[in-house]
file input.pdb (PDB, C-alpha atoms)
ATOM      1  CA  MET M   1    -188.047  -0.019 138.167
ATOM      2  CA  GLN M   2    -187.063   0.590 134.643
ATOM      3  CA  SER M   3    -187.617   3.602 132.527
ATOM      4  CA  SER M   4    -190.288   2.961 129.943
ATOM      5  CA  PHE M   5    -187.875   3.733 127.032
ATOM      6  CA  GLY M   6    -184.631   2.365 128.424
ATOM      7  CA  SER M   7    -184.933  -1.323 127.716
ATOM      8  CA  THR M   8    -185.744  -1.458 123.993
ATOM      9  CA  VAL M   9    -183.304   0.939 122.226
ATOM     10  CA  ASP M  10    -179.928   1.518 123.827
ATOM     11  CA  ASN M  11    -177.711   3.259 121.327
ATOM     12  CA  PRO M  12    -179.062   3.894 117.859
ATOM     13  CA  VAL M  13    -176.527   2.917 115.220
ATOM     14  CA  ILE M  14    -176.132   5.237 112.265
ATOM     15  CA  GLU M  15    -175.008   3.013 109.421
ATOM     16  CA  ARG M  16    -174.205   5.661 106.888
ATOM     17  CA  GLU M  17    -174.497   9.405 106.444
ATOM     18  CA  THR M  18    -176.986  10.494 103.854
ATOM     19  CA  SER M  19    -176.603  13.560 101.693
ATOM     20  CA  THR M  20    -178.853  15.621  99.506
ATOM     21  CA  ALA M  21    -178.717  15.510  95.724
ATOM     22  CA  GLU M  22    -177.302  19.022  95.777
ATOM     23  CA  GLU M  23    -174.346  17.945  97.907
ATOM     24  CA  VAL M  24    -173.672  14.950  95.649
ATOM     25  CA  ASP M  25    -173.688  17.217  92.629
ATOM     26  CA  LEU M  26    -171.439  19.896  94.137
ATOM     27  CA  PRO M  27    -167.952  19.151  92.922
ATOM     28  CA  TRP M  28    -167.915  20.683  89.443
ATOM     29  CA  GLN M  29    -165.656  23.502  88.392
ATOM     30  CA  VAL M  30    -165.819  25.913  85.481
ATOM     31  CA  ILE M  31    -162.313  26.313  84.124
ATOM     32  CA  VAL M  32    -161.106  28.720  81.466
ATOM     33  CA  HIS M  33    -157.956  27.734  79.585
ATOM     34  CA  ASN M  34    -155.339  29.898  77.924
ATOM     35  CA  ASP M  35    -155.779  30.732  74.290
ATOM     36  CA  PRO M  36    -153.216  32.765  72.332
ATOM     37  CA  VAL M  37    -155.843  34.356  70.092
ATOM     38  CA  ASN M  38    -158.412  35.845  72.466
ATOM     39  CA  LEU M  39    -157.508  39.370  73.574
ATOM     40  CA  MET M  40    -156.875  39.977  77.277
ATOM     41  CA  SER M  41    -159.327  42.872  77.318
ATOM     42  CA  TYR M  42    -161.967  40.687  75.627
ATOM     43  CA  VAL M  43    -161.517  37.862  78.152
ATOM     44  CA  THR M  44    -161.840  40.375  81.006
ATOM     45  CA  MET M  45    -165.065  41.741  79.522
ATOM     46  CA  VAL M  46    -166.498  38.219  79.152
ATOM     47  CA  PHE M  47    -165.733  37.353  82.800
ATOM     48  CA  GLN M  48    -167.467  40.542  83.915
ATOM     49  CA  LYS M  49    -170.506  39.816  81.775
ATOM     50  CA  VAL M  50    -170.907  36.100  82.501
ATOM     51  CA  PHE M  51    -170.007  36.018  86.195
ATOM     52  CA  GLY M  52    -170.845  39.604  87.161
ATOM     53  CA  LEU M  53    -167.308  40.167  88.440
ATOM     54  CA  THR M  54    -165.756  43.551  89.122
ATOM     55  CA  LYS M  55    -163.137  44.626  86.598
ATOM     56  CA  GLU M  56    -160.328  44.016  89.135
ATOM     57  CA  ARG M  57    -161.508  40.488  89.899
ATOM     58  CA  ALA M  58    -162.086  39.704  86.231
ATOM     59  CA  GLU M  59    -158.562  40.917  85.426
ATOM     60  CA  LYS M  60    -157.143  38.730  88.208
ATOM     61  CA  HIS M  61    -158.732  35.645  86.646
ATOM     62  CA  MET M  62    -157.699  36.729  83.157
ATOM     63  CA  LEU M  63    -154.066  37.060  84.286
ATOM     64  CA  GLU M  64    -154.256  33.661  85.951
ATOM     65  CA  VAL M  65    -155.403  32.178  82.644
ATOM     66  CA  HIS M  66    -152.650  34.025  80.800
ATOM     67  CA  GLN M  67    -149.813  33.182  83.210
ATOM     68  CA  ILE M  68    -150.739  29.785  84.650
ATOM     69  CA  GLY M  69    -152.733  28.505  81.692
ATOM     70  CA  ARG M  70    -156.064  28.075  83.473
ATOM     71  CA  SER M  71    -158.284  29.618  86.089
ATOM     72  CA  ILE M  72    -161.212  28.255  88.089
ATOM     73  CA  LEU M  73    -164.010  30.726  87.611
ATOM     74  CA  TRP M  74    -166.797  28.999  89.476
ATOM     75  CA  SER M  75    -167.624  25.789  91.287
ATOM     76  CA  GLY M  76    -170.909  24.213  92.227
ATOM     77  CA  MET M  77    -173.687  22.123  90.768
ATOM     78  CA  ARG M  78    -173.231  20.506  87.352
ATOM     79  CA  GLU M  79    -176.284  22.046  85.721
ATOM     80  CA  ARG M  80    -175.200  25.589  86.525
ATOM     81  CA  ALA M  81    -171.604  24.816  85.566
ATOM     82  CA  GLU M  82    -172.817  23.581  82.155
ATOM     83  CA  LEU M  83    -174.758  26.775  81.684
ATOM     84  CA  TYR M  84    -171.682  28.887  82.430
ATOM     85  CA  VAL M  85    -169.549  26.838  80.035
ATOM     86  CA  GLN M  86    -172.213  27.255  77.353
ATOM     87  CA  GLN M  87    -172.139  31.028  77.851
ATOM     88  CA  LEU M  88    -168.337  31.078  77.727
ATOM     89  CA  HIS M  89    -168.354  29.020  74.518
ATOM     90  CA  GLY M  90    -170.851  31.524  73.154
ATOM     91  CA  TYR M  91    -168.095  34.109  73.622
ATOM     92  CA  LEU M  92    -165.639  31.627  72.075
ATOM     93  CA  LEU M  93    -163.499  31.136  75.169
ATOM     94  CA  LEU M  94    -161.821  27.783  75.817
ATOM     95  CA  ALA M  95    -163.824  26.633  78.815
ATOM     96  CA  THR M  96    -164.506  23.240  80.350
ATOM     97  CA  LEU M  97    -166.347  21.821  83.312
ATOM     98  CA  GLU M  98    -164.383  19.432  85.474
ATOM     99  CA  ARG M  99    -165.233  17.320  88.451
ATOM    100  CA  THR M 100    -163.168  18.235  91.509
ATOM    101  CA  ASN M 101    -161.223  15.451  93.176
TER
ATOM    102  CA  MET I   1    -158.134  55.209  58.943
ATOM    103  CA  GLU I   2    -159.812  56.970  61.857
ATOM    104  CA  PHE I   3    -162.087  55.729  64.600
ATOM    105  CA  ARG I   4    -164.676  58.002  66.071
ATOM    106  CA  ARG I   5    -167.486  57.581  68.572
ATOM    107  CA  GLN I   6    -170.618  59.223  67.256
ATOM    108  CA  GLN I   7    -173.884  59.515  69.140
ATOM    109  CA  ASP I   8    -175.267  56.067  68.411
ATOM    110  CA  CYS I   9    -172.532  54.394  66.404
ATOM    111  CA  LEU I  10    -168.844  53.753  66.007
ATOM    112  CA  GLU I  11    -167.522  55.373  62.879
ATOM    113  CA  ILE I  12    -164.511  54.248  60.873
ATOM    114  CA  THR I  13    -163.558  56.842  58.311
ATOM    115  CA  GLU I  14    -160.809  56.986  55.675
ATOM    116  CA  LEU I  15    -160.961  53.230  55.296
ATOM    117  CA  ASP I  16    -158.668  52.388  52.392
ATOM    118  CA  PRO I  17    -159.753  49.780  49.798
ATOM    119  CA  PHE I  18    -157.398  47.085  51.124
ATOM    120  CA  LEU I  19    -158.675  47.298  54.708
ATOM    121  CA  ALA I  20    -162.251  47.608  53.447
ATOM    122  CA  GLU I  21    -161.725  44.356  51.548
ATOM    123  CA  LEU I  22    -160.419  42.663  54.706
ATOM    124  CA  LEU I  23    -163.571  43.770  56.507
ATOM    125  CA  ARG I  24    -165.719  42.381  53.689
ATOM    126  CA  GLN I  25    -163.994  39.041  54.272
ATOM    127  CA  ILE I  26    -165.140  38.748  57.916
ATOM    128  CA  PRO I  27    -168.290  36.671  57.194
ATOM    129  CA  GLU I  28    -166.417  34.369  54.840
ATOM    130  CA  SER I  29    -163.600  33.932  57.357
ATOM    131  CA  CYS I  30    -166.140  32.840  59.979
ATOM    132  CA  ASN I  31    -167.192  29.923  57.811
ATOM    133  CA  VAL I  32    -165.475  26.844  59.246
ATOM    134  CA  GLU I  33    -167.194  24.250  57.055
ATOM    135  CA  GLY I  34    -164.608  21.788  55.786
ATOM    136  CA  VAL I  35    -161.821  23.143  57.997
ATOM    137  CA  GLU I  36    -161.510  20.512  60.708
ATOM    138  CA  THR I  37    -159.023  22.381  62.950
ATOM    139  CA  ALA I  38    -161.156  25.529  62.903
ATOM    140  CA  GLN I  39    -164.329  23.546  63.673
ATOM    141  CA  GLN I  40    -162.611  21.885  66.596
ATOM    142  CA  ARG I  41    -161.610  25.262  68.001
ATOM    143  CA  ILE I  42    -164.926  27.041  67.488
ATOM    144  CA  PHE I  43    -166.961  24.084  68.804
ATOM    145  CA  CYS I  44    -164.515  22.888  71.442
ATOM    146  CA  ALA I  45    -165.253  20.047  73.862
ATOM    147  CA  PRO I  46    -166.893  21.131  77.131
ATOM    148  CA  ALA I  47    -165.518  18.297  79.288
ATOM    149  CA  LYS I  48    -163.432  15.125  79.378
ATOM    150  CA  GLU I  49    -166.487  12.942  79.951
ATOM    151  CA  GLN I  50    -167.784  11.492  76.666
ATOM    152  CA  GLU I  51    -171.357  11.440  77.939
ATOM    153  CA  ILE I  52    -171.291  15.205  78.527
ATOM    154  CA  CYS I  53    -169.699  15.822  75.111
ATOM    155  CA  ALA I  54    -172.323  13.689  73.347
ATOM    156  CA  GLU I  55    -175.202  15.572  75.013
ATOM    157  CA  TRP I  56    -173.492  18.850  74.231
ATOM    158  CA  LYS I  57    -173.339  18.031  70.506
ATOM    159  CA  VAL I  58    -177.072  17.359  70.424
ATOM    160  CA  TYR I  59    -178.429  20.135  72.632
ATOM    161  CA  VAL I  60    -175.888  22.949  72.929
ATOM    162  CA  GLU I  61    -173.964  22.999  69.654
ATOM    163  CA  PRO I  62    -177.016  23.884  67.521
ATOM    164  CA  GLU I  63    -177.681  26.838  69.859
ATOM    165  CA  LEU I  64    -174.081  28.016  69.519
ATOM    166  CA  ARG I  65    -174.285  27.672  65.720
ATOM    167  CA  ARG I  66    -177.404  29.862  65.726
ATOM    168  CA  LEU I  67    -175.722  32.455  67.941
ATOM    169  CA  PHE I  68    -172.608  32.616  65.754
ATOM    170  CA  ARG I  69    -174.647  32.769  62.526
ATOM    171  CA  SER I  70    -176.769  35.597  63.923
ATOM    172  CA  ALA I  71    -173.650  37.634  64.794
ATOM    173  CA  THR I  72    -172.164  37.025  61.336
ATOM    174  CA  GLU I  73    -175.397  38.055  59.616
ATOM    175  CA  THR I  74    -175.527  41.294  61.610
ATOM    176  CA  VAL I  75    -171.970  42.123  60.571
ATOM    177  CA  GLU I  76    -172.692  41.168  56.961
ATOM    178  CA  ALA I  77    -175.648  43.565  56.911
ATOM    179  CA  ASP I  78    -173.525  46.427  58.334
ATOM    180  CA  LEU I  79    -170.827  45.718  55.752
ATOM    181  CA  GLN I  80    -173.298  46.451  52.951
ATOM    182  CA  GLN I  81    -172.385  50.127  53.538
ATOM    183  CA  LEU I  82    -169.000  49.433  51.951
ATOM    184  CA  ASN I  83    -170.695  48.628  48.660
ATOM    185  CA  GLY I  84    -171.971  52.193  48.517
ATOM    186  CA  CYS I  85    -168.540  53.675  47.773
ATOM    187  CA  THR I  86    -168.977  55.652  44.593
ATOM    188  CA  LYS I  87    -165.450  55.381  43.176
ATOM    189  CA  PRO I  88    -163.709  52.009  42.848
ATOM    190  CA  PHE I  89    -160.540  52.862  44.815
ATOM    191  CA  ALA I  90    -161.886  55.598  47.064
ATOM    192  CA  ASN I  91    -161.618  55.466  50.849
ATOM    193  CA  CYS I  92    -164.914  54.658  52.542
ATOM    194  CA  THR I  93    -166.696  55.088  55.842
ATOM    195  CA  LEU I  94    -168.250  52.361  57.958
ATOM    196  CA  ARG I  95    -170.711  53.010  60.759
ATOM    197  CA  ILE I  96    -171.269  50.265  63.321
ATOM    198  CA  PRO I  97    -174.506  50.860  65.253
ATOM    199  CA  ALA I  98    -173.852  50.721  69.023
ATOM    200  CA  GLU I  99    -176.430  47.944  69.463
ATOM    201  CA  ASN I 100    -174.433  45.771  67.033
ATOM    202  CA  ALA I 101    -171.143  46.103  68.946
ATOM    203  CA  GLN I 102    -171.461  42.695  70.660
ATOM    204  CA  ALA I 103    -172.258  40.995  67.345
ATOM    205  CA  TRP I 104    -169.131  42.580  65.849
ATOM    206  CA  LEU I 105    -166.983  41.429  68.773
ATOM    207  CA  ASN I 106    -168.338  37.915  68.334
ATOM    208  CA  ALA I 107    -167.912  37.752  64.557
ATOM    209  CA  LEU I 108    -164.408  39.237  64.717
ATOM    210  CA  ASN I 109    -163.501  36.627  67.299
ATOM    211  CA  GLN I 110    -164.945  33.816  65.191
ATOM    212  CA  ALA I 111    -162.912  35.030  62.225
ATOM    213  CA  ARG I 112    -159.676  35.418  64.220
ATOM    214  CA  LEU I 113    -159.968  31.974  65.809
ATOM    215  CA  ALA I 114    -160.913  30.292  62.526
ATOM    216  CA  ILE I 115    -158.022  31.880  60.601
ATOM    217  CA  ALA I 116    -155.513  31.127  63.395
ATOM    218  CA  ALA I 117    -156.648  27.485  63.522
ATOM    219  CA  LYS I 118    -156.640  27.147  59.736
ATOM    220  CA  TYR I 119    -153.031  28.334  59.405
ATOM    221  CA  ASN I 120    -151.919  26.845  62.719
ATOM    222  CA  PHE I 121    -150.139  30.045  63.809
ATOM    223  CA  THR I 122    -147.672  29.631  66.652
ATOM    224  CA  ASP I 123    -147.809  31.755  69.819
ATOM    225  CA  GLY I 124    -144.686  33.534  68.595
ATOM    226  CA  GLU I 125    -146.266  34.437  65.269
ATOM    227  CA  LEU I 126    -149.426  35.680  66.959
ATOM    228  CA  CYS I 127    -147.395  37.956  69.250
ATOM    229  CA  ASP I 128    -145.246  39.349  66.431
ATOM    230  CA  HIS I 129    -147.137  42.503  65.495
ATOM    231  CA  TYR I 130    -144.344  43.908  63.369
ATOM    232  CA  ARG I 131    -144.129  41.044  60.878
ATOM    233  CA  SER I 132    -143.944  42.230  57.301
ATOM    234  CA  PRO I 133    -144.253  42.213  54.383
ATOM    235  CA  ILE I 134    -147.262  40.161  53.310
ATOM    236  CA  GLY I 135    -145.758  37.606  50.952
ATOM    237  CA  SER I 136    -148.210  34.739  51.102
ATOM    238  CA  ARG I 137    -151.828  33.863  51.872
ATOM    239  CA  ARG I 138    -150.626  32.741  55.306
ATOM    240  CA  ASP I 139    -149.005  36.149  55.986
ATOM    241  CA  LEU I 140    -152.235  37.807  54.928
ATOM    242  CA  GLY I 141    -154.081  35.549  57.376
ATOM    243  CA  LEU I 142    -151.838  36.729  60.202
ATOM    244  CA  PHE I 143    -152.395  40.334  59.185
ATOM    245  CA  GLN I 144    -156.161  39.704  59.226
ATOM    246  CA  VAL I 145    -155.969  38.232  62.754
ATOM    247  CA  ASN I 146    -154.072  41.318  63.976
ATOM    248  CA  PHE I 147    -156.262  43.814  62.137
ATOM    249  CA  TYR I 148    -159.469  42.237  63.448
ATOM    250  CA  GLY I 149    -157.927  42.222  66.941
ATOM    251  CA  PHE I 150    -157.167  45.922  66.611
ATOM    252  CA  LEU I 151    -160.794  46.538  65.683
ATOM    253  CA  GLN I 152    -161.952  44.464  68.658
ATOM    254  CA  GLU I 153    -159.802  46.591  70.993
ATOM    255  CA  PHE I 154    -161.395  49.730  69.626
ATOM    256  CA  ILE I 155    -164.919  48.375  70.120
ATOM    257  CA  LEU I 156    -164.063  47.170  73.651
ATOM    258  CA  GLN I 157    -162.647  50.564  74.593
ATOM    259  CA  ASP I 158    -165.800  52.168  73.333
ATOM    260  CA  LEU I 159    -168.010  49.799  75.340
ATOM    261  CA  GLU I 160    -166.127  50.792  78.501
ATOM    262  CA  LEU I 161    -166.861  54.494  78.053
TER
END

call {"tool": "encode", "arguments": {"input": "input.pdb", "output": "structure tokens"}}
result
Amino acid sequence: MQSSFGSTVDNPVIERETSTAEEVDLPWQVIVHNDPVNLMSYVTMVFQKVFGLTKERAEKHMLEVHQIGRSILWSGMRERAELYVQQLHGYLLLATLERTN
Amino acid sequence: MEFRRQQDCLEITELDPFLAELLRQIPESCNVEGVETAQQRIFCAPAKEQEICAEWKVYVEPELRRLFRSATETVEADLQQLNGCTKPFANCTLRIPAENAQAWLNALNQARLAIAAKYNFTDGELCDHYRSPIGSRRDLGLFQVNFYGFLQEFILQDLEL
């Protein structure tokens, strides 16, 4: 006697993993680049205002920009990343959005 | 020149005619029309992808232009106080209303970036705060960048209080 389900489908084959639009759109980074004109205290204030960071965290990113030349401030969906870059440009910081590898 | 925090404004007193003139030049210094390097810096590219840059030019850049113009106009209106000095070479007083502090920070930054791009100052020049005397228009530009930066620091310190 056979089980009523056993004979027709043995092992379902998953051909490919699907992902949501959000996952596809994830790898974007907001990067701030070094600029010899903007004041360190000004850059710190902008990071606090735009990203809601504490002063310590904002200073950490500011120093990264100053010493390494760039700092990743945020990563996530493209739309939000564009909005952050727009805000940063509004404060006249050198900011770009980049796709992560 | 003295900086003081009053109840609802930042007050700069004993402003000598030379520094007052530099302040009057803020709105004009923000104007990047016809200065390609300054335009490129103020309206810098948001990404490597050309598609993103093209969309940005159409949708975001006009918004940024409006924002920058609004800040410059606020500063220009505050600077009208400097025209009230009774004697031609007398020191004057400037009061920056607290609610205009962000507009001042923005306009001062526009001016500093535009001047620095226009004269293509090197990192070394920008860090040399003891450079003197002012012998050319370029030297004056560097002095302006440093003076406006000094003013920005004062406003930022005040915002932290």

call {"tool": "axis_aligned_box", "arguments": {"input": "input.pdb", "around": "range 76-90 of chain M", "padding_each_side": "4 Å", "output": "AutoDock Vina command-line options"}}
result
--center_x -172.3 --center_y 26.0 --center_z 82.7 --size_x 15.9 --size_y 19.0 --size_z 27.1

call {"tool": "resolve_selection", "arguments": {"input": "input.pdb", "expression": "the ChimeraX specification (/M :<8) & /I", "output": "ChimeraX atom specification"}}
result
/I:42-48,60,64,67-68,106,109-110,112-113,116,123,126,149,152-153,156

call {"tool": "closest_atom_pairs", "arguments": {"input": "input.pdb", "of": "range 46-158 of chain I", "to": "range 18-41 of chain I", "cutoff": "7 Å", "atoms": "all atoms listed in the file", "output": "tab-separated table"}}
result
residue	atom	partner	partner_atom	distance
I:Thr72	CA	I:Pro27	CA	5.7
I:Glu76	CA	I:Pro27	CA	6.3
I:Leu79	CA	I:Arg24	CA	6.4
I:Ala107	CA	I:Cys30	CA	6.9
I:Leu108	CA	I:Ile26	CA	6.9
I:Gln110	CA	I:Cys30	CA	5.4
I:Ala111	CA	I:Cys30	CA	4.5
I:Ala114	CA	I:Ala38	CA	4.8
I:Ile115	CA	I:Ser29	CA	6.8
I:Ala117	CA	I:Ala38	CA	5.0
I:Lys118	CA	I:Ala38	CA	5.7
I:Gln144	CA	I:Leu22	CA	6.9

call {"tool": "closest_residue", "arguments": {"input": "input.pdb", "among": "I:Ala71, I:Cys53, I:Ala98, I:Cys127", "to": "Asn146 in chain I", "atoms": "all atoms listed in the file"}}
result
I:Cys127

call {"tool": "resolve_selection", "arguments": {"input": "input.pdb", "expression": "the PyMOL selection byres ((chain M and resi 76) around 7)", "output": "PyMOL selection string"}}
result
chain M and resi 26-29+74-75+77-78+81

call {"tool": "closest_residue", "arguments": {"input": "input.pdb", "among": "M:Leu88, M:Asn101, M:Arg70, M:Val65", "to": "Val46 in chain M", "atoms": "only C-alpha atoms"}}
result
M:Leu88

call {"tool": "atom_distance", "arguments": {"input": "input.pdb", "atom1": "CA of Ala77 in chain I", "atom2": "CA of Glu160 in chain I"}}
result
24.7 Å

call {"tool": "resolve_selection", "arguments": {"input": "input.pdb", "expression": "the PyMOL selection byres ((chain M and resi 62) around 8)", "output": "ChimeraX atom specification"}}
result
/M:40,43-44,58-61,63-66,71
